[in-house]
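Structure, as structure tokens:
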Amino acid sequence: MGDTSLMDTALPPALRTRLEDGLAALGLDRTLAGPLLDYLSLLLRWNRTYNLTAIRDPEEMVTRHLLDSLAMHPFVRPGALADLGTGPGLPGIPLAIVRPDLQVTLVESNGKKARFLREAVRQLGLGDRARVAESRAEAVAEPGAYAQITARALDTLAGILEVGGHLLAPQGRLLAMKGVHPATEIAALPAGWTALAVHPLAVPGLAAERHLVEVGRAA
């Protein structure tokens with residue numbers, strides 16, 4: 001999955017150690033640091049020209065992009081996952097790297113970001129785990145095709161369901177990444193949907209609150 005000897009050579013060795021320690025804290029294999037740093041290197045390179053993310057410091061990217069994305073991995077089931085408004089591939093690409101049992105569709109309407117995503121999938125050798133849908137979420141014509149949808153910074157819970165709820169299979173779940181416990185958003189869920197669980201997440205190196213909200217169709 002990518003050539004770790006080529007793509008992360010410009011990154012300081014301490015960055016690999018920090019990422020490896022974070023992966024271990026999340027219960028993931030330290031050897032996954034190689035392909036994750038390949039992705040980070042590619043993102044840093046493209047970001048200089050295309051402004052794919054406002055975070056530019058590699059150390060901050062390790063915490064706020066990679067480890068933050070991966071903190072949800074224990075709650076992700078095998079199978080098809082649509083990452084709505086994925087931007088530069090977060091959390092979809094890190095999840096595809098560490099979870100070979102996933103088939104991730106990276107949904108992104110911004111042309112520059114979609115071009116980066118296609119290049120990342122190609123260079124990282126993720127073609128059997130990830131594909132890019134250059135589209136707005138509401139225009140993805142795959143009703144009921146996904147066991148899970150996720151969104152990291154797209155909208156409120158109700159807003160995510162409005163644009164992406166049609167993608168979920170009958171027993172499918174929205175896995176929404178949030179900061180503080182989103183009690184107000186949960187109370188505002190549209191009819192027919194319910195919060196099944198709210199999981200506090202511990203992101204290595206990050207003091208801020210993080211929660212993962214699981215939403216499904218009401219019985």
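Naming scheme: A, B, ... for chains in displayed order of the structure tokens; residues 1 onward per chain; ligands 1 onward as shown.
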Identify, on the basis of only C-alpha atoms, every residue whose closest approach to Leu117 of chain A does not exceed 9 Å; exclude the query and any residue fewer than 6 positions from it along the same chain; express the result as a ChimeraX atom specification. /A:87-89,93,106,108,131-132
With DSSP run on the backbone, what are the strand (DSSP E or B) residues within segment 68-154 of chain A? I'd like them as a ChimeraX atom specification. /A:79-84,102-107,130-133,146-151
Store the residues picked out above, limited to N, CA, C and O atoms, as a PDB file, in the first residue's frame.
ATOM      1  N   GLY A  79     -17.918  -3.830   5.733  1.00  0.00           N
ATOM      2  CA  GLY A  79     -18.869  -3.608   4.647  1.00  0.00           C
ATOM      3  C   GLY A  79     -18.765  -2.233   4.035  1.00  0.00           C
ATOM      4  O   GLY A  79     -17.737  -1.562   4.136  1.00  0.00           O
ATOM      5  N   ALA A  80     -19.844  -1.808   3.410  1.00  0.00           N
ATOM      6  CA  ALA A  80     -19.856  -0.567   2.633  1.00  0.00           C
ATOM      7  C   ALA A  80     -20.082   0.635   3.541  1.00  0.00           C
ATOM      8  O   ALA A  80     -21.022   0.665   4.333  1.00  0.00           O
ATOM      9  N   LEU A  81     -19.212   1.629   3.387  1.00  0.00           N
ATOM     10  CA  LEU A  81     -19.269   2.869   4.176  1.00  0.00           C
ATOM     11  C   LEU A  81     -19.165   4.048   3.228  1.00  0.00           C
ATOM     12  O   LEU A  81     -18.241   4.118   2.413  1.00  0.00           O
ATOM     13  N   ALA A  82     -20.105   4.982   3.323  1.00  0.00           N
ATOM     14  CA  ALA A  82     -20.029   6.227   2.545  1.00  0.00           C
ATOM     15  C   ALA A  82     -19.590   7.353   3.475  1.00  0.00           C
ATOM     16  O   ALA A  82     -20.212   7.582   4.513  1.00  0.00           O
ATOM     17  N   ASP A  83     -18.505   8.027   3.108  1.00  0.00           N
ATOM     18  CA  ASP A  83     -17.975   9.151   3.886  1.00  0.00           C
ATOM     19  C   ASP A  83     -18.414  10.435   3.181  1.00  0.00           C
ATOM     20  O   ASP A  83     -17.877  10.796   2.135  1.00  0.00           O
ATOM     21  N   LEU A  84     -19.397  11.103   3.773  1.00  0.00           N
ATOM     22  CA  LEU A  84     -20.037  12.251   3.118  1.00  0.00           C
ATOM     23  C   LEU A  84     -19.276  13.533   3.406  1.00  0.00           C
ATOM     24  O   LEU A  84     -18.928  13.826   4.544  1.00  0.00           O
ATOM     25  N   LEU A 102     -13.387  -2.917   4.918  1.00  0.00           N
ATOM     26  CA  LEU A 102     -14.299  -1.849   4.508  1.00  0.00           C
ATOM     27  C   LEU A 102     -14.220  -1.606   3.003  1.00  0.00           C
ATOM     28  O   LEU A 102     -13.170  -1.785   2.392  1.00  0.00           O
ATOM     29  N   GLN A 103     -15.347  -1.191   2.432  1.00  0.00           N
ATOM     30  CA  GLN A 103     -15.375  -0.650   1.074  1.00  0.00           C
ATOM     31  C   GLN A 103     -15.903   0.783   1.218  1.00  0.00           C
ATOM     32  O   GLN A 103     -17.102   0.990   1.438  1.00  0.00           O
ATOM     33  N   VAL A 104     -15.001   1.748   1.095  1.00  0.00           N
ATOM     34  CA  VAL A 104     -15.309   3.140   1.405  1.00  0.00           C
ATOM     35  C   VAL A 104     -15.585   3.925   0.124  1.00  0.00           C
ATOM     36  O   VAL A 104     -14.780   3.884  -0.814  1.00  0.00           O
ATOM     37  N   THR A 105     -16.711   4.631   0.095  1.00  0.00           N
ATOM     38  CA  THR A 105     -16.994   5.572  -0.975  1.00  0.00           C
ATOM     39  C   THR A 105     -16.759   6.978  -0.434  1.00  0.00           C
ATOM     40  O   THR A 105     -17.392   7.389   0.542  1.00  0.00           O
ATOM     41  N   LEU A 106     -15.814   7.680  -1.039  1.00  0.00           N
ATOM     42  CA  LEU A 106     -15.430   9.028  -0.617  1.00  0.00           C
ATOM     43  C   LEU A 106     -16.264  10.028  -1.407  1.00  0.00           C
ATOM     44  O   LEU A 106     -16.043  10.235  -2.601  1.00  0.00           O
ATOM     45  N   VAL A 107     -17.250  10.624  -0.748  1.00  0.00           N
ATOM     46  CA  VAL A 107     -18.197  11.517  -1.424  1.00  0.00           C
ATOM     47  C   VAL A 107     -17.742  12.956  -1.226  1.00  0.00           C
ATOM     48  O   VAL A 107     -17.676  13.459  -0.103  1.00  0.00           O
ATOM     49  N   ALA A 130     -11.403   1.603  -1.650  1.00  0.00           N
ATOM     50  CA  ALA A 130     -11.957   2.955  -1.677  1.00  0.00           C
ATOM     51  C   ALA A 130     -12.202   3.405  -3.114  1.00  0.00           C
ATOM     52  O   ALA A 130     -11.449   3.043  -4.022  1.00  0.00           O
ATOM     53  N   ARG A 131     -13.249   4.205  -3.284  1.00  0.00           N
ATOM     54  CA  ARG A 131     -13.521   4.828  -4.578  1.00  0.00           C
ATOM     55  C   ARG A 131     -14.044   6.236  -4.311  1.00  0.00           C
ATOM     56  O   ARG A 131     -14.507   6.548  -3.208  1.00  0.00           O
ATOM     57  N   VAL A 132     -13.965   7.075  -5.324  1.00  0.00           N
ATOM     58  CA  VAL A 132     -14.347   8.472  -5.187  1.00  0.00           C
ATOM     59  C   VAL A 132     -15.639   8.728  -5.938  1.00  0.00           C
ATOM     60  O   VAL A 132     -15.779   8.335  -7.102  1.00  0.00           O
ATOM     61  N   ALA A 133     -16.596   9.379  -5.272  1.00  0.00           N
ATOM     62  CA  ALA A 133     -17.812   9.846  -5.929  1.00  0.00           C
ATOM     63  C   ALA A 133     -17.779  11.368  -5.900  1.00  0.00           C
ATOM     64  O   ALA A 133     -17.990  11.973  -4.840  1.00  0.00           O
ATOM     65  N   TYR A 146     -25.689   1.271   1.545  1.00  0.00           N
ATOM     66  CA  TYR A 146     -24.625   1.352   2.544  1.00  0.00           C
ATOM     67  C   TYR A 146     -25.090   0.906   3.927  1.00  0.00           C
ATOM     68  O   TYR A 146     -26.155   1.299   4.402  1.00  0.00           O
ATOM     69  N   ALA A 147     -24.262   0.102   4.555  1.00  0.00           N
ATOM     70  CA  ALA A 147     -24.504  -0.302   5.938  1.00  0.00           C
ATOM     71  C   ALA A 147     -24.242   0.858   6.884  1.00  0.00           C
ATOM     72  O   ALA A 147     -24.805   0.916   7.980  1.00  0.00           O
ATOM     73  N   GLN A 148     -23.374   1.773   6.442  1.00  0.00           N
ATOM     74  CA  GLN A 148     -22.999   2.897   7.286  1.00  0.00           C
ATOM     75  C   GLN A 148     -22.714   4.124   6.425  1.00  0.00           C
ATOM     76  O   GLN A 148     -22.199   3.999   5.309  1.00  0.00           O
ATOM     77  N   ILE A 149     -23.068   5.286   6.962  1.00  0.00           N
ATOM     78  CA  ILE A 149     -22.558   6.533   6.409  1.00  0.00           C
ATOM     79  C   ILE A 149     -21.876   7.266   7.552  1.00  0.00           C
ATOM     80  O   ILE A 149     -22.208   7.065   8.725  1.00  0.00           O
ATOM     81  N   THR A 150     -20.895   8.083   7.233  1.00  0.00           N
ATOM     82  CA  THR A 150     -20.241   8.871   8.256  1.00  0.00           C
ATOM     83  C   THR A 150     -20.015  10.275   7.738  1.00  0.00           C
ATOM     84  O   THR A 150     -20.046  10.522   6.525  1.00  0.00           O
ATOM     85  N   ALA A 151     -19.825  11.176   8.661  1.00  0.00           N
ATOM     86  CA  ALA A 151     -19.528  12.567   8.319  1.00  0.00           C
ATOM     87  C   ALA A 151     -18.793  13.163   9.502  1.00  0.00           C
ATOM     88  O   ALA A 151     -19.197  12.986  10.646  1.00  0.00           O
TER      89      ALA A 151
END
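You will find atom CA of Ala71 of chain A at 16.2 Å from atom CA of Thr86 of chain A.
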Among segment 126-196 of chain A, which residues carry a DSSP assignment of alpha helix (DSSP H), reported as an mmCIF file with N, CA, C and O atoms, in the first residue's frame?
data_model
loop_
_atom_site.group_PDB
_atom_site.id
_atom_site.type_symbol
_atom_site.label_atom_id
_atom_site.label_comp_id
_atom_site.auth_asym_id
_atom_site.auth_seq_id
_atom_site.Cartn_x
_atom_site.Cartn_y
_atom_site.Cartn_z
ATOM 1 N N LEU A 157 -26.840 16.541 12.822
ATOM 2 C CA LEU A 157 -27.333 15.183 12.581
ATOM 3 C C LEU A 157 -28.513 15.200 11.622
ATOM 4 O O LEU A 157 -28.566 14.407 10.668
ATOM 5 N N ALA A 158 -29.456 16.117 11.849
ATOM 6 C CA ALA A 158 -30.615 16.208 10.964
ATOM 7 C C ALA A 158 -30.196 16.577 9.544
ATOM 8 O O ALA A 158 -30.733 16.043 8.563
ATOM 9 N N GLY A 159 -29.233 17.479 9.425
ATOM 10 C CA GLY A 159 -28.755 17.883 8.105
ATOM 11 C C GLY A 159 -28.078 16.749 7.361
ATOM 12 O O GLY A 159 -28.256 16.590 6.142
ATOM 13 N N ILE A 160 -27.285 15.949 8.079
ATOM 14 C CA ILE A 160 -26.624 14.804 7.442
ATOM 15 C C ILE A 160 -27.657 13.813 6.934
ATOM 16 O O ILE A 160 -27.565 13.308 5.807
ATOM 17 N N LEU A 161 -28.658 13.535 7.755
ATOM 18 C CA LEU A 161 -29.697 12.590 7.343
ATOM 19 C C LEU A 161 -30.499 13.124 6.164
ATOM 20 O O LEU A 161 -30.913 12.358 5.288
ATOM 21 N N GLU A 162 -30.700 14.428 6.122
ATOM 22 C CA GLU A 162 -31.464 15.018 5.022
ATOM 23 C C GLU A 162 -30.774 14.784 3.685
ATOM 24 O O GLU A 162 -31.427 14.486 2.680
ATOM 25 N N VAL A 163 -29.443 14.903 3.664
ATOM 26 C CA VAL A 163 -28.731 14.756 2.389
ATOM 27 C C VAL A 163 -28.251 13.333 2.138
ATOM 28 O O VAL A 163 -28.012 12.950 0.983
ATOM 29 N N GLY A 164 -28.093 12.536 3.205
ATOM 30 C CA GLY A 164 -27.498 11.213 3.017
ATOM 31 C C GLY A 164 -28.267 10.046 3.572
ATOM 32 O O GLY A 164 -27.862 8.888 3.367
ATOM 33 N N ALA A 183 -26.435 16.978 22.562
ATOM 34 C CA ALA A 183 -27.782 16.703 23.068
ATOM 35 C C ALA A 183 -28.852 17.444 22.260
ATOM 36 O O ALA A 183 -29.918 16.881 21.958
ATOM 37 N N THR A 184 -28.578 18.699 21.898
ATOM 38 C CA THR A 184 -29.564 19.480 21.149
ATOM 39 C C THR A 184 -29.818 18.884 19.771
ATOM 40 O O THR A 184 -30.961 18.802 19.311
ATOM 41 N N GLU A 185 -28.747 18.448 19.112
ATOM 42 C CA GLU A 185 -28.898 17.833 17.790
ATOM 43 C C GLU A 185 -29.663 16.511 17.885
ATOM 44 O O GLU A 185 -30.481 16.189 17.011
ATOM 45 N N ILE A 186 -29.394 15.740 18.920
ATOM 46 C CA ILE A 186 -30.110 14.475 19.096
ATOM 47 C C ILE A 186 -31.595 14.733 19.300
ATOM 48 O O ILE A 186 -32.454 14.046 18.735
ATOM 49 N N ALA A 187 -31.918 15.748 20.091
ATOM 50 C CA ALA A 187 -33.321 16.088 20.330
ATOM 51 C C ALA A 187 -34.023 16.552 19.056
ATOM 52 O O ALA A 187 -35.256 16.450 18.955
#
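Coordinates place atom CA of Gly85 of chain A at a distance of 22.5 Å from atom CA of Pro35 of chain A.
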His73 of chain A proximity check over A:Ile55, A:Ala195, A:Met61, A:Leu26, using only C-alpha atoms: winner is A:Leu26
Spatial neighbours of Asn51 of chain A, 12 Å, only C-alpha atoms, chain gap at least 4 places, as a list in words: Leu43, Leu44, Arg45, Trp46, Asn47, Ile55, Arg56, Gly87, Pro88, Asn110, Lys112, Lys113 and Phe116 of chain A
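With only C-alpha atoms as the atoms that count, the minimum distance from Val198 of chain A to the choices A:Ile97, A:Glu134, A:Met72, A:Arg118 is reached by A:Met72.
Excluding segment 200-214 of chain A and any residue on its chain fewer than 4 positions from it, the residues at most 8 Å away by only C-alpha atoms are Gly22, Ala25, Leu26, Thr63, Arg64, Leu67, Asp68, Ala71, Met72, Arg173, Leu174, Leu175, Ala176, Met177, Lys178, Gly179, Val180, His181, Ala195 and Leu196 of chain A.
Distances to Ala139 of chain A were evaluated for A:Thr194, A:Thr49, A:Ser109, A:Thr17 using only C-alpha atoms, and the minimum falls at A:Ser109.
Considering only C-alpha atoms, the residue among A:Leu124, A:Phe75, A:Pro143, A:Asp101 positioned nearest to His199 of chain A is A:Phe75.
Atom CA of Leu70 of chain A lies 6.3 Å from atom CA of Leu95 of chain A.
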Identify, on the basis of only C-alpha atoms, every residue whose closest approach to Gly192 of chain A does not exceed 9 Å; exclude the query and any residue fewer than 3 positions from it along the same chain; express the result as a list in words. Leu189, Gly216, Arg217, Ala218 and Ala219 of chain A
